[in-house]
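Q: Coordinates in run.cif, mmCIF, C-alpha atoms, pLDDT in the B column; chains and numbers go by the auth columns, are listed below.
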data_upload
#
loop_
_atom_site.group_PDB
_atom_site.id
_atom_site.type_symbol
_atom_site.label_atom_id
_atom_site.label_comp_id
_atom_site.label_asym_id
_atom_site.label_seq_id
_atom_site.Cartn_x
_atom_site.Cartn_y
_atom_site.Cartn_z
_atom_site.B_iso_or_equiv
_atom_site.auth_seq_id
_atom_site.auth_asym_id
ATOM 1 C CA MET A 1 24.116 -33.631 -12.788 46.00 95 X
ATOM 2 C CA SER A 2 21.527 -32.345 -15.151 46.00 96 X
ATOM 3 C CA LYS A 3 18.590 -30.453 -13.715 46.00 97 X
ATOM 4 C CA ALA A 4 16.489 -31.297 -16.741 44.00 98 X
ATOM 5 C CA GLY A 5 16.432 -34.976 -15.785 43.00 99 X
ATOM 6 C CA LYS A 6 15.266 -34.299 -12.235 46.00 100 X
ATOM 7 C CA ARG A 7 11.653 -33.779 -11.384 43.00 101 X
ATOM 8 C CA VAL A 8 10.754 -32.367 -8.022 45.00 102 X
ATOM 9 C CA LYS A 9 7.476 -33.520 -6.589 47.00 103 X
ATOM 10 C CA SER A 10 5.274 -30.875 -5.064 48.00 104 X
ATOM 11 C CA GLY A 11 4.019 -32.711 -2.074 49.00 105 X
ATOM 12 C CA GLY A 12 1.983 -35.843 -2.012 49.00 106 X
ATOM 13 C CA GLY A 13 4.293 -38.393 -3.513 47.00 107 X
ATOM 14 C CA GLN A 14 2.719 -41.257 -5.469 45.00 108 X
ATOM 15 C CA GLY A 15 -0.671 -41.026 -3.769 46.00 109 X
ATOM 16 C CA GLY A 16 -1.490 -37.711 -5.436 49.00 110 X
ATOM 17 C CA PRO A 17 -1.257 -34.163 -4.232 61.00 111 X
ATOM 18 C CA ALA A 18 -0.755 -33.398 -0.552 70.00 112 X
ATOM 19 C CA LYS A 19 -3.645 -32.264 1.650 70.00 113 X
ATOM 20 C CA TRP A 20 -2.272 -28.722 1.853 73.00 114 X
ATOM 21 C CA GLU A 21 -1.970 -28.522 -1.915 77.00 115 X
ATOM 22 C CA ALA A 22 -5.684 -29.062 -2.526 74.00 116 X
ATOM 23 C CA GLY A 23 -6.578 -26.446 0.082 74.00 117 X
ATOM 24 C CA LEU A 24 -4.139 -23.942 -1.363 77.00 118 X
ATOM 25 C CA LEU A 25 -5.378 -24.457 -4.894 77.00 119 X
ATOM 26 C CA ALA A 26 -9.017 -24.105 -3.812 75.00 120 X
ATOM 27 C CA ALA A 27 -8.404 -20.965 -1.717 79.00 121 X
ATOM 28 C CA VAL A 28 -10.060 -17.832 -3.107 80.00 122 X
ATOM 29 C CA PHE A 29 -7.818 -14.797 -3.441 81.00 123 X
ATOM 30 C CA GLU A 30 -10.192 -12.109 -4.718 80.00 124 X
ATOM 31 C CA GLU A 31 -13.508 -11.524 -2.978 81.00 125 X
ATOM 32 C CA ASP A 32 -16.280 -8.951 -3.168 81.00 126 X
ATOM 33 C CA ASN A 33 -15.011 -7.153 -0.066 81.00 127 X
ATOM 34 C CA TRP A 34 -11.302 -7.508 -0.925 80.00 128 X
ATOM 35 C CA LYS A 35 -10.125 -6.604 -4.421 84.00 129 X
ATOM 36 C CA PRO A 36 -6.364 -6.908 -4.899 84.00 130 X
ATOM 37 C CA ASN A 37 -4.234 -5.250 -7.545 83.00 131 X
ATOM 38 C CA VAL A 38 -1.063 -7.213 -8.212 84.00 132 X
ATOM 39 C CA THR A 39 1.594 -5.321 -10.137 84.00 133 X
ATOM 40 C CA PHE A 40 5.049 -6.514 -11.097 85.00 134 X
ATOM 41 C CA VAL A 41 7.771 -3.874 -11.024 85.00 135 X
ATOM 42 C CA VAL A 42 10.914 -5.053 -12.781 84.00 136 X
ATOM 43 C CA GLY A 43 14.048 -3.000 -13.361 80.00 137 X
ATOM 44 C CA ASN A 44 16.671 -3.751 -15.941 83.00 138 X
ATOM 45 C CA LYS A 45 19.080 -0.835 -15.451 84.00 139 X
ATOM 46 C CA SER A 46 20.764 0.552 -12.364 84.00 140 X
ATOM 47 C CA ARG A 47 18.396 3.555 -12.245 85.00 141 X
ATOM 48 C CA GLY A 48 15.332 1.279 -12.339 85.00 142 X
ATOM 49 C CA LEU A 49 16.749 -0.984 -9.639 86.00 143 X
ATOM 50 C CA PHE A 50 17.544 2.074 -7.509 89.00 144 X
ATOM 51 C CA LEU A 51 13.954 3.327 -7.798 88.00 145 X
ATOM 52 C CA ILE A 52 12.561 -0.120 -7.029 86.00 146 X
ATOM 53 C CA LYS A 53 14.723 -0.216 -3.902 86.00 147 X
ATOM 54 C CA ILE A 54 13.344 3.170 -2.787 87.00 148 X
ATOM 55 C CA LEU A 55 9.787 1.977 -3.428 86.00 149 X
ATOM 56 C CA GLY A 56 10.418 -1.171 -1.384 85.00 150 X
ATOM 57 C CA GLU A 57 11.904 0.819 1.510 86.00 151 X
ATOM 58 C CA THR A 58 8.923 3.177 1.486 86.00 152 X
ATOM 59 C CA VAL A 59 6.475 0.306 1.666 84.00 153 X
ATOM 60 C CA ALA A 60 8.536 -1.460 4.343 83.00 154 X
ATOM 61 C CA ALA A 61 8.576 1.708 6.466 84.00 155 X
ATOM 62 C CA GLY A 62 4.802 1.420 6.792 77.00 156 X
ATOM 63 C CA SER A 63 3.841 4.716 5.225 76.00 157 X
ATOM 64 C CA ARG A 64 1.811 2.794 2.655 75.00 158 X
ATOM 65 C CA LYS A 65 -0.476 0.383 4.526 75.00 159 X
ATOM 66 C CA LEU A 66 -2.175 -0.986 1.462 80.00 160 X
ATOM 67 C CA PHE A 67 1.023 -1.839 -0.387 84.00 161 X
ATOM 68 C CA SER A 68 3.121 -4.972 0.018 85.00 162 X
ATOM 69 C CA VAL A 69 6.418 -5.937 -1.545 84.00 163 X
ATOM 70 C CA LEU A 70 7.438 -9.449 -2.506 83.00 164 X
ATOM 71 C CA SER A 71 10.986 -10.261 -3.420 83.00 165 X
ATOM 72 C CA ARG A 72 12.850 -13.470 -3.918 85.00 166 X
ATOM 73 C CA GLU A 73 14.974 -12.815 -0.816 86.00 167 X
ATOM 74 C CA THR A 74 12.000 -12.227 1.477 86.00 168 X
ATOM 75 C CA LEU A 75 10.208 -15.294 0.133 87.00 169 X
ATOM 76 C CA GLU A 76 13.281 -17.466 0.675 87.00 170 X
ATOM 77 C CA ASN A 77 13.749 -16.108 4.215 86.00 171 X
ATOM 78 C CA GLU A 78 10.119 -16.905 5.062 85.00 172 X
ATOM 79 C CA VAL A 79 10.500 -20.385 3.571 86.00 173 X
ATOM 80 C CA ARG A 80 13.542 -21.005 5.764 86.00 174 X
ATOM 81 C CA GLU A 81 11.674 -19.743 8.831 84.00 175 X
ATOM 82 C CA LEU A 82 8.351 -21.525 8.298 82.00 176 X
ATOM 83 C CA GLY A 83 9.566 -24.514 6.320 78.00 177 X
ATOM 84 C CA ASN A 84 11.655 -26.129 9.026 74.00 178 X
ATOM 85 C CA PRO A 85 9.361 -28.719 10.650 69.00 179 X
ATOM 86 C CA LYS A 86 11.684 -29.027 13.656 72.00 180 X
ATOM 87 C CA GLY A 87 12.304 -25.300 13.981 69.00 181 X
ATOM 88 C CA LYS A 88 10.556 -22.775 16.148 70.00 182 X
ATOM 89 C CA LYS A 89 7.459 -21.358 14.480 68.00 183 X
ATOM 90 C CA PRO A 90 5.884 -17.964 15.166 69.00 184 X
ATOM 91 C CA LYS A 91 2.744 -17.671 17.324 73.00 185 X
ATOM 92 C CA GLU A 92 0.385 -17.310 14.388 74.00 186 X
ATOM 93 C CA VAL A 93 1.276 -19.646 11.576 74.00 187 X
ATOM 94 C CA PRO A 94 -0.374 -18.641 8.294 74.00 188 X
ATOM 95 C CA GLN A 95 -2.790 -20.975 6.598 78.00 189 X
ATOM 96 C CA HIS A 96 -1.242 -23.290 3.957 74.00 190 X
ATOM 97 C CA TYR A 97 2.270 -22.794 5.367 78.00 191 X
ATOM 98 C CA GLU A 98 3.016 -26.439 4.520 79.00 192 X
ATOM 99 C CA VAL A 99 4.069 -25.350 1.025 80.00 193 X
ATOM 100 C CA THR A 100 7.184 -23.872 2.626 83.00 194 X
ATOM 101 C CA GLU A 101 8.250 -27.264 3.998 82.00 195 X
ATOM 102 C CA SER A 102 8.527 -28.832 0.554 82.00 196 X
ATOM 103 C CA ILE A 103 10.307 -25.770 -0.836 86.00 197 X
ATOM 104 C CA LYS A 104 12.802 -25.652 2.029 87.00 198 X
ATOM 105 C CA THR A 105 14.281 -29.012 1.052 86.00 199 X
ATOM 106 C CA ILE A 106 14.810 -27.662 -2.465 88.00 200 X
ATOM 107 C CA LEU A 107 16.513 -24.514 -1.157 87.00 201 X
ATOM 108 C CA ASP A 108 18.689 -26.580 1.195 88.00 202 X
ATOM 109 C CA ASN A 109 19.953 -28.513 -1.831 88.00 203 X
ATOM 110 C CA ASN A 110 20.749 -25.213 -3.644 89.00 204 X
ATOM 111 C CA GLU A 111 18.346 -26.062 -6.442 88.00 205 X
ATOM 112 C CA GLU A 112 15.991 -23.801 -8.352 89.00 206 X
ATOM 113 C CA ILE A 113 12.375 -23.862 -7.237 88.00 207 X
ATOM 114 C CA PRO A 114 10.216 -25.426 -9.971 89.00 208 X
ATOM 115 C CA LEU A 115 7.765 -22.983 -11.511 90.00 209 X
ATOM 116 C CA PRO A 116 4.570 -24.795 -10.395 88.00 210 X
ATOM 117 C CA LEU A 117 5.843 -24.843 -6.822 89.00 211 X
ATOM 118 C CA LEU A 118 6.953 -21.203 -7.088 89.00 212 X
ATOM 119 C CA ALA A 119 3.430 -20.302 -8.229 88.00 213 X
ATOM 120 C CA LYS A 120 2.014 -22.056 -5.151 88.00 214 X
ATOM 121 C CA LEU A 121 4.479 -20.188 -2.949 89.00 215 X
ATOM 122 C CA LEU A 122 3.385 -16.876 -4.468 89.00 216 X
ATOM 123 C CA LYS A 123 -0.285 -17.725 -3.920 88.00 217 X
ATOM 124 C CA PHE A 124 0.487 -18.685 -0.316 87.00 218 X
ATOM 125 C CA LYS A 125 2.222 -15.341 0.257 88.00 219 X
ATOM 126 C CA LEU A 126 -0.595 -13.363 -1.399 88.00 220 X
ATOM 127 C CA LEU A 127 -3.171 -15.174 0.754 87.00 221 X
ATOM 128 C CA TRP A 128 -1.061 -14.381 3.815 87.00 222 X
ATOM 129 C CA ILE A 129 -1.018 -10.690 2.848 87.00 223 X
ATOM 130 C CA LYS A 130 -4.787 -10.838 2.375 87.00 224 X
ATOM 131 C CA SER A 131 -5.255 -12.425 5.794 86.00 225 X
ATOM 132 C CA ASN A 132 -3.097 -9.779 7.492 86.00 226 X
ATOM 133 C CA ASP A 133 -4.953 -6.978 5.697 86.00 227 X
ATOM 134 C CA LEU A 134 -8.354 -8.339 6.712 86.00 228 X
ATOM 135 C CA LYS A 135 -7.149 -8.561 10.346 87.00 229 X
ATOM 136 C CA ARG A 136 -5.896 -4.968 10.158 87.00 230 X
ATOM 137 C CA ARG A 137 -9.247 -3.782 8.763 86.00 231 X
ATOM 138 C CA GLU A 138 -11.122 -5.583 11.533 88.00 232 X
ATOM 139 C CA GLN A 139 -8.921 -3.969 14.186 89.00 233 X
ATOM 140 C CA GLU A 140 -9.494 -0.526 12.647 88.00 234 X
ATOM 141 C CA ARG A 141 -13.236 -1.169 12.562 88.00 235 X
ATOM 142 C CA LYS A 142 -13.226 -2.174 16.247 89.00 236 X
ATOM 143 C CA ALA A 143 -11.159 0.886 17.160 87.00 237 X
ATOM 144 C CA ALA A 144 -13.590 3.146 15.276 85.00 238 X
ATOM 145 C CA ASN A 145 -16.552 1.507 17.043 86.00 239 X
ATOM 146 C CA ASP A 146 -14.868 1.986 20.424 84.00 240 X
ATOM 147 C CA LYS A 147 -14.266 5.680 19.669 80.00 241 X
ATOM 148 C CA GLY A 148 -17.885 6.044 18.573 78.00 242 X
ATOM 149 C CA LYS A 149 -19.101 4.525 21.830 79.00 243 X
ATOM 150 C CA GLU A 150 -16.815 6.817 23.851 78.00 244 X
ATOM 151 C CA LYS A 151 -18.121 9.891 22.012 74.00 245 X
ATOM 152 C CA LYS A 152 -21.735 8.832 22.587 72.00 246 X
ATOM 153 C CA GLY A 153 -20.967 8.293 26.273 69.00 247 X
ATOM 154 C CA SER A 154 -19.351 11.720 26.628 66.00 248 X
ATOM 155 C CA ALA A 155 -22.190 13.387 24.673 62.00 249 X
ATOM 156 C CA LYS A 156 -24.718 11.878 27.074 60.00 250 X
ATOM 157 C CA GLY A 157 -22.694 13.229 29.981 56.00 251 X
ATOM 158 C CA LYS A 158 -22.885 16.766 28.552 55.00 252 X
ATOM 159 C CA ASP A 159 -26.682 16.689 28.376 53.00 253 X
ATOM 160 C CA LYS A 160 -26.988 16.328 32.144 52.00 254 X
ATOM 161 C CA PRO A 161 -27.425 19.625 33.996 52.00 255 X
ATOM 162 C CA LYS A 162 -24.517 20.526 36.204 53.00 256 X
ATOM 163 C CA SER A 163 -25.114 21.598 39.766 52.00 257 X
ATOM 164 C CA ALA A 164 -23.868 24.988 40.875 51.00 258 X
ATOM 165 C CA GLY A 165 -20.567 24.882 42.702 51.00 259 X
ATOM 166 C CA LYS A 166 -19.671 26.630 45.958 52.00 260 X
ATOM 167 C CA GLY A 167 -18.476 29.848 44.375 51.00 261 X
ATOM 168 C CA ALA A 168 -21.141 30.062 41.688 49.00 262 X
ATOM 169 C CA LYS A 169 -23.523 32.981 41.648 52.00 263 X
ATOM 170 C CA GLY A 170 -27.166 32.472 40.840 53.00 264 X
ATOM 171 C CA GLY A 171 -26.997 32.802 37.009 55.00 265 X
ATOM 172 C CA LYS A 172 -25.483 30.552 34.404 57.00 266 X
ATOM 173 C CA LYS A 173 -22.107 31.839 33.333 60.00 267 X
ATOM 174 C CA THR A 174 -21.135 31.376 29.691 60.00 268 X
ATOM 175 C CA PRO A 175 -17.489 31.336 28.737 60.00 269 X
ATOM 176 C CA GLU A 176 -16.168 34.420 26.944 60.00 270 X
ATOM 177 C CA PRO A 177 -15.529 33.692 23.252 55.00 271 X
ATOM 178 C CA PRO A 178 -11.864 33.974 22.309 55.00 272 X
ATOM 179 C CA SER A 179 -11.052 37.439 20.998 53.00 273 X
ATOM 180 C CA ALA A 180 -9.686 38.010 17.521 50.00 274 X
ATOM 181 C CA LYS A 181 -5.925 38.182 17.372 52.00 275 X
ATOM 182 C CA GLU A 182 -4.258 41.539 16.856 55.00 276 X
ATOM 183 C CA GLY A 183 -3.864 42.287 13.182 53.00 277 X
ATOM 184 C CA SER A 184 -6.490 39.727 12.225 53.00 278 X
ATOM 185 C CA LYS A 185 -9.219 40.508 9.747 55.00 279 X
ATOM 186 C CA LEU A 186 -11.709 38.612 11.888 56.00 280 X
ATOM 187 C CA ARG A 187 -14.198 40.769 13.732 60.00 281 X
ATOM 188 C CA LYS A 188 -15.325 40.230 17.241 62.00 282 X
ATOM 189 C CA LYS A 189 -19.002 39.401 17.461 66.00 283 X
ATOM 190 C CA ARG A 190 -20.943 42.031 19.388 65.00 284 X
ATOM 191 C CA ARG A 191 -23.580 41.063 21.843 66.00 285 X
ATOM 192 C CA ARG A 192 -26.830 42.899 21.923 66.00 286 X
ATOM 193 C CA GLY A 193 -27.726 43.854 25.253 59.00 287 X
#
With the file now loaded, output its structure as structure tokens.
A:
Amino acid sequence: MSKAGKRVKSGGGQGGPAKWEAGLLAAVFEEDNWKPNVTFVVGNKSRGLFLIKILGETVAAGSRKLFSVLSRETLENEVRELGNPKGKKPKEVPQHYEVTESIKTILDNNEEIPLPLLAKLLKFKLLWIKSNDLKRREQERKAANDKGKEKKGSAKGKDKPKSAGKGAKGGKKTPEPPSAKEGSKLRKKRRRG
């Protein structure tokens, strides 16, 4: 069979594009508060492929939060996971995941994904990365706000005068400043008396 004679439809059949397709095409990737930088890293020799593998492992390890790696294998695995309408889906299904359903049938038939559909799959994945990054930023912002509230609460607690304990003598006792270590060039501050 010739692949040139076949034409794979990208969703809607004869009635036009599918509902998901219009939403995916209209989705905005770059915004004022989220500016992506998409870079393609392609190796053609064994040394380049080795370095790309190391870069991918570094990003996958999580040491680079703001980096993401896309590969054909990971895209195909996600299509197989999300594209099965009868299969078990994760708790949070990304927006526009329906593109994976039409691509899964193509992968099941061991055919190449048509370029327009591959472009839609890439946009879906990039939007998914954007969504995850925005969620991560919101969680960090909430965590920072919670820490700020805790610090304000503990600072207010320090302002309150403490009552003298049972063993306290009449005056306020200040803690002794730590002495300079032996052999240090730091001098101990003298108190005037």
Q: Applying 12 Å and all atoms listed in the file, which residues near Trp128 in chain X remain after dropping the ones on its own chain fewer than 2 positions away? List them as a VMD selection string.
A: chain X and resid 122 to 126 130 to 131 160 221 223 to 228 231
Q: Please work out which residues fall within 7 Å of (-1.5, -17.4, 8.8), coordinates as given in the file, with all atoms listed in the file counting, and return them as a PyMOL selection string.
A: chain X and resi 186-189+222+225
Q: Just give me the gap between CA of Leu169 in chain X and CA of Ala213 in chain X in Å, one decimal is fine.
A: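 Calculated distance between CA of Leu169 in chain X and CA of Ala213 in chain X is 11.9 Å.
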Q: Show me the residues around (14.7, -26.5, -0.9) - criterion: an atom at most 12 Å away, all atoms listed in the file counted - as a PyMOL selection string.
A: chain X and resi 102-104+170-171+173-174+177-178+193-208+211-212
Q: Work out how far apart CA of Glu115 in chain X and CA of Leu215 in chain X are and give it in Å to one decimal.
A: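 So the answer is 10.6 Å.
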Q: Report as a ChimeraX atom specification all protein, DNA and RNA residues lying within 12 Å of Thr133 in chain X, evaluated on only C-alpha atoms, omitting residues in the same chain fewer than 6 positions from it.
A: /X:161-164
Q: State, in Å with one decimal place, the distance from CA of Leu149 in chain X to CA of Leu216 in chain X.
A: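 Separation between CA of Leu149 in chain X and CA of Leu216 in chain X: 19.9 Å.
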Q: Need the shell around Gly137 in chain X: protein/DNA/RNA residues with any atom at most 12 Å away, counting all atoms listed in the file. Skip same-chain ones fewer than 6 positions apart. Format as a PyMOL selection string?
A: chain X and resi 143-147+149
Q: Which centre and which edge lengths, in Å to one decimal, describe the axis-aligned box that holds all listed atoms of range 218-226 of chain X after 3 Å is added on each side, as lines of an AutoDock Vina configuration file?
A:
center_x = -1.5
center_y = -14.2
center_z = 3.0
size_x = 13.5
size_y = 14.9
size_z = 14.9
